[in-house]
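The next block holds one structure in the form of C-alpha cells; read it before the comments.
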Amino acid sequence: MTTATIASASAAEPTAGAALTHTTIARQKPLMDMRQILLMNLGFFGIQYSFGMQQTAVNPIFQFIGARPDDLPILNLAGPITGLLIQPMIGALSDRTWSERWGRRKPFFLVGAIGCSICLFLFPFVSAVWMAVLLLWLLDASNNTAMEPYRAFIADKLPPSQLGKGFLAQSFFTGFGITLANISLFVFQTVITGATAAGIPYWVVGSFMLGAVCSIGSVLISILSTPEIPPTEAELKAMREHKGSAFGFIREVWDAIVEMPIELRKLGLVYLFQWYAMVCYWQFVTLSMAQSVWGTTDAHSEGFKQAVGWTGLVNGWYNIVTFSVAFSLVAFARRRGARIVHMACLLCAAAALLIFPHLTNKYLLFIPIVGLGIAWASIMGVPYIMAVRMIPSTRYGVYMGIINMMIVVPMLIHSVTFGSIYSNLLGDNPNNAITFAGILLAVAAVAMLWIKEPPIVRDVDEVMVMPSGH
C-alpha cells in the first residue's frame with residue numbers, strides 16, 4: 001500500500017468564473033529496485049521497435065512501390081500531425097482518468113499497443129503508396145497513444161531521486177527496441193528470399209511480423225507487472241475540478257501552453273533544431289549510404305537493397321551504443337548537470353553526421369555513428385529530467401504531451417519545407433542532407449546554453465500552485 005503525504009493543495013472549490021489552480025502534490029513514493037524500473041519500462045521496448053521500423057523500413061517501402069526521394073518528407077506527414085493532435089489530447093485525458101480496475105495511464109498503453117501490432121502486421125502487404133500512407137497514419141496514431149502516457153507514468157510512479165533512472169531506462173529500451181528492429185532487417189535479409197507482388201522483400205515482412213509480436217507482448221508484461229499508484233483524495237479532487245466538458249482537454253492544453261514555464265519554452269528551441277535534424281537523418285541515411293558506398297540511388301538496384309540492410313546494421317549499432325550508455329548519463333547528469341550533458345551529447349552527434357557522408361567504406365560508418373548513439377540516449381531521457389522539475393505533478397500528462405508537441409512541430413515543419421530545401425539548396429544530394437542535419441545538431445547544442453537548469457529536487461516534491469491566469 002502506497003502512503004502519501006499531502007503538503008498542500010488548492011483548498012477552495014472552484015466557483016463560476018474562479019481561476020482553477022494546478023498543484024504539485026507532495027507525496028512520498030516508494031523507492032523501486034532496478035528490476036521493477038525495468039519491468040515498468042519494458043513496454044517502451046515494443047513501442048520503440050515499431051518506431052525503429054518507421055525509421056528504417058517505411059521510407060524504403062515507399063520507394064519500393066514507386067515514391068520519389070523528394071516525396072518522402074510529404075509522405076511522412078503522418079508522424080508530426082498525429083503527434084501534434086493526439087499526444088497532448090492523450091496526455092490531458094490520462095491526467096483526468098482514474099479507474100479502480102484499469103488505472104490511469106495503462107488503458108492508453110494497451111489500446112495503442114494493439115493498434116501498433118495490427119498496423120505492423122498489415123504494413124508490408126501494401127501494394128500502393130496511398131495504402132502505405134494510410135497505414136503509416138494509423139501506426140503513428142497508435143504509437144503516440146501508447147508512448148505519450150509512458151513519460152507521465154514515470155513521473156507518477158517514481159520519487160524525484162529515481163526520475164533520472166526512470167527516464168534513462170526508457171532510453172535503454174529505446175535503444176534496445178530500435179536495435180532489434182534494425183538488426184532484424186539485416187539478419188532476415190540473409191536468410192529470407194523472395195518478395196511480395198508489390199516488390200517488398202519478404203525479409204522486410206519478417207521484421208514487421210516480429211514487431212507486431214514485440215509491441216503487444218512487451219506492453220502486456222509492463223501492464224501486468226506494475227500497479228499504478230492510486231490518486232490521493234487531493235488528486236481526485238483536482239481531477240474532478242478540471243474534468244470539464246467532453247472537449248475540455250482542448251482548453252486544458254491551451255491553458256498549459258499559456259502558463260508554460262519560460263525555461264520549458266527555451267527547451268522548445270533546442271527541440272526545433274535537434275528533431276528537424278534527426279528526421280533528415282532517418283529519411284536520407286539509406287540514400288546517403290547507397291550513394292557514397294554503393295554508388296547508386298536507384299531504389300530497384302541491388303546496391304540500394306544492400307544499403308537498406310546496411311542501414312539496419314548502422315542504426316542498430318548506434319542504438320546499441322544508446323542502451324549501453326543510457327544509465328551512465330544519469331551519473332553524468334547528476335555530477336555535471338543535465339544541461340551540460342545534453343549539450344555535449346548533441347555536439348557528439350553533430351560531429352558524427354558531418355563525417356558520415358564522406359565515408360566510402362561501409363565498415364568505417366560504424367565509427368562516427370557512435371556519436372549519434374550517445375546523443376540519442378540523451379535525447380530520449382536527459383531533457384525530461386529537467387522538464388519534470390518545471391511542471392506541477394497534477395499536469396504531468398498534459399505537459400508531457402506538450403513536450404512531445406515540441407518534437408512533432410519540427411517534424412511537421414520538416415515535412416512541408418525540406419522537399420524544397422533538398423531540391424533547391426542541397427542539390428538533390430542525400431549526402432548534403434546528412435551534412436545539413438549535422439549543422440542543425442550543432443545549433444541545438446549552442447541553444448542549450450540559453451537554458452537555466454532547474455535545481456535538483458528533494459525526495460518529496462516542493463508544492464507549487466500555478467494560477468490559470470483566466
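Identifiers for the C-alpha cells are assigned positionally: chains receive A, B, ... in sequence, residues are indexed from 1 per chain, and ligands are indexed from 1 in the order shown.
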Note to self: Can you tell me, as a count of residues only, which residues in region 18-254 of chain A count as alpha helix (DSSP H) by DSSP?
What the structure shows: 163
Find the residues around Met448 (chain A) up to 7 Å (only C-alpha atoms counted), leave out those fewer than 6 positions away in its own chain, and share them as a PDB file with N, CA and C atoms, in the first residue's frame.
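part.pdb was written with the following content:
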ATOM      1  N   VAL A 270      15.597  24.277 -28.638  1.00  0.00           N
ATOM      2  CA  VAL A 270      16.547  23.175 -28.807  1.00  0.00           C
ATOM      3  C   VAL A 270      15.892  22.042 -29.586  1.00  0.00           C
ATOM      4  N   ARG A 339      21.867  19.946 -18.354  1.00  0.00           N
ATOM      5  CA  ARG A 339      22.053  20.877 -19.468  1.00  0.00           C
ATOM      6  C   ARG A 339      23.390  20.644 -20.169  1.00  0.00           C
ATOM      7  N   MET A 343      24.064  19.070 -23.979  1.00  0.00           N
ATOM      8  CA  MET A 343      24.808  19.876 -24.953  1.00  0.00           C
ATOM      9  C   MET A 343      25.997  19.089 -25.505  1.00  0.00           C
TER      10      MET A 343
END
Given only C-alpha atoms, how would the per-residue table for region 360-436 of chain A near region 87-100 of chain A read, listing every residue at most 12 Å away with its closest atom pair and distance in Å to one decimal, sorted by chain and number, as a tab-separated table?
residue	atom	partner	partner_atom	distance
A:Pro392	CA	A:Asp95	CA	11.6
A:Ser393	CA	A:Asp95	CA	9.6
A:Thr394	CA	A:Asp95	CA	7.0
A:Arg395	CA	A:Asp95	CA	6.5
A:Tyr396	CA	A:Asp95	CA	7.2
A:Gly397	CA	A:Gly91	CA	4.1
A:Val398	CA	A:Gly91	CA	4.3
A:Tyr399	CA	A:Gly91	CA	7.3
A:Met400	CA	A:Gly91	CA	6.7
A:Gly401	CA	A:Pro88	CA	3.9
A:Ile402	CA	A:Pro88	CA	5.6
A:Ile403	CA	A:Pro88	CA	8.6
A:Asn404	CA	A:Gln87	CA	6.7
A:Met405	CA	A:Gln87	CA	7.2
A:Met406	CA	A:Pro88	CA	10.6
A:Ile407	CA	A:Gln87	CA	10.5
A:Val408	CA	A:Gln87	CA	9.5
A:Val409	CA	A:Gln87	CA	11.8
Notebook entry, point to check: Using only C-alpha atoms, which of A:Ile192, A:Leu412, A:Ile221, A:Ala198 sits nearest Thr82 (chain A)?
Noted result: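 The closest residue to Thr82 (chain A) is A:Leu412.
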Item checked: Using only C-alpha atoms: which of A:Gly371, A:Gly66, A:Gly312, A:Gly46 has the shortest distance to Ser218 (chain A) ->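 Looking only at the distances to Ser218 (chain A), the closest residue turns out to be A:Gly46.
Every protein or nucleic acid residue with an atom no more than 12 Å from Ile367 (chain A), counting only C-alpha atoms and leaving out same-chain residues fewer than 6 positions away, appears here: A:Val314, A:Trp317, A:Tyr318, A:Val321, A:Cys348, A:Ala349, A:Ala351, A:Ala352, A:Leu353, A:Ile355, A:Phe356, A:Leu359, A:Asn361, A:Gly373.
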Output N, CA and C atoms of each residue in that selection to a file, as a compact mmCIF listing (two decimals), in the first residue's frame.
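Contents of out.txt, as written:
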# COMPACT_ATOMS: atom_id res chain seq x y z
N VAL A 314 23.79 -0.24 -39.27
CA VAL A 314 24.32 1.04 -38.76
C VAL A 314 23.40 1.62 -37.69
N TRP A 317 23.59 -0.44 -34.63
CA TRP A 317 24.81 -0.17 -33.86
C TRP A 317 24.68 1.09 -33.03
N TYR A 318 24.14 2.18 -33.62
CA TYR A 318 24.04 3.40 -32.81
C TYR A 318 23.04 3.22 -31.68
N VAL A 321 24.80 1.45 -28.87
CA VAL A 321 25.50 2.49 -28.10
C VAL A 321 24.52 3.19 -27.17
N CYS A 348 28.44 15.65 -29.98
CA CYS A 348 28.93 14.35 -30.47
C CYS A 348 28.17 13.94 -31.73
N ALA A 349 26.86 14.13 -31.71
CA ALA A 349 26.04 13.78 -32.87
C ALA A 349 26.35 14.67 -34.07
N ALA A 351 29.18 16.14 -34.82
CA ALA A 351 30.45 15.69 -35.41
C ALA A 351 30.25 14.41 -36.21
N ALA A 352 29.44 13.50 -35.67
CA ALA A 352 29.19 12.22 -36.36
C ALA A 352 28.59 12.43 -37.74
N LEU A 353 27.57 13.27 -37.82
CA LEU A 353 26.87 13.44 -39.10
C LEU A 353 27.65 14.30 -40.08
N ILE A 355 30.85 13.94 -40.48
CA ILE A 355 31.83 13.00 -41.02
C ILE A 355 31.16 11.92 -41.88
N PHE A 356 30.01 11.45 -41.46
CA PHE A 356 29.35 10.26 -42.00
C PHE A 356 29.25 10.23 -43.53
N LEU A 359 32.36 9.09 -45.94
CA LEU A 359 32.99 7.78 -45.85
C LEU A 359 32.49 6.88 -46.97
N ASN A 361 33.78 3.57 -47.24
CA ASN A 361 33.92 2.19 -46.76
C ASN A 361 32.79 1.91 -45.78
N GLY A 373 24.64 7.70 -31.43
CA GLY A 373 24.08 6.82 -30.41
C GLY A 373 24.12 7.44 -29.02
Check: Of the candidates A:Ile229, A:Leu42, A:Leu313, A:Leu372, which one gets nearest to Phe173 (chain A) if we count only C-alpha atoms?
Finding: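 Selected residue with least distance to Phe173 (chain A): A:Leu42.
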Notebook entry, point to check: What is the CA of Asn431 (chain A) to CA of Gly79 (chain A) distance in Å?
Noted result: 23.4 Å
Item checked: Contacts of Ile178 (chain A) at 6 Å (only C-alpha atoms; same-chain gap of 4+ positions) as a PyMOL selection string -> chain A and resi 48-49+52
Emit the selected residues as an mmCIF file, in the first residue's frame, including N, CA and C atoms.
data_model
loop_
_atom_site.group_PDB
_atom_site.id
_atom_site.type_symbol
_atom_site.label_atom_id
_atom_site.label_comp_id
_atom_site.auth_asym_id
_atom_site.auth_seq_id
_atom_site.Cartn_x
_atom_site.Cartn_y
_atom_site.Cartn_z
ATOM 1 N N GLN A 48 9.125 1.193 -29.195
ATOM 2 C CA GLN A 48 10.283 1.692 -29.925
ATOM 3 C C GLN A 48 10.719 0.752 -31.044
ATOM 4 N N TYR A 49 10.402 -0.546 -30.929
ATOM 5 C CA TYR A 49 10.616 -1.436 -32.082
ATOM 6 C C TYR A 49 9.785 -0.920 -33.253
ATOM 7 N N GLY A 52 11.379 2.032 -34.643
ATOM 8 C CA GLY A 52 12.557 1.651 -35.414
ATOM 9 C C GLY A 52 12.206 1.211 -36.823
#
Next item on the list: Kindly indicate which residue among A:Ala67, A:Ala299, A:Leu31, A:Ala307 lies nearest to Lys362 (chain A), using only C-alpha atoms for the distances.
Entry: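 Going through A:Ala67, A:Ala299, A:Leu31, A:Ala307 one by one, the smallest distance to Lys362 (chain A) is for A:Ala307.
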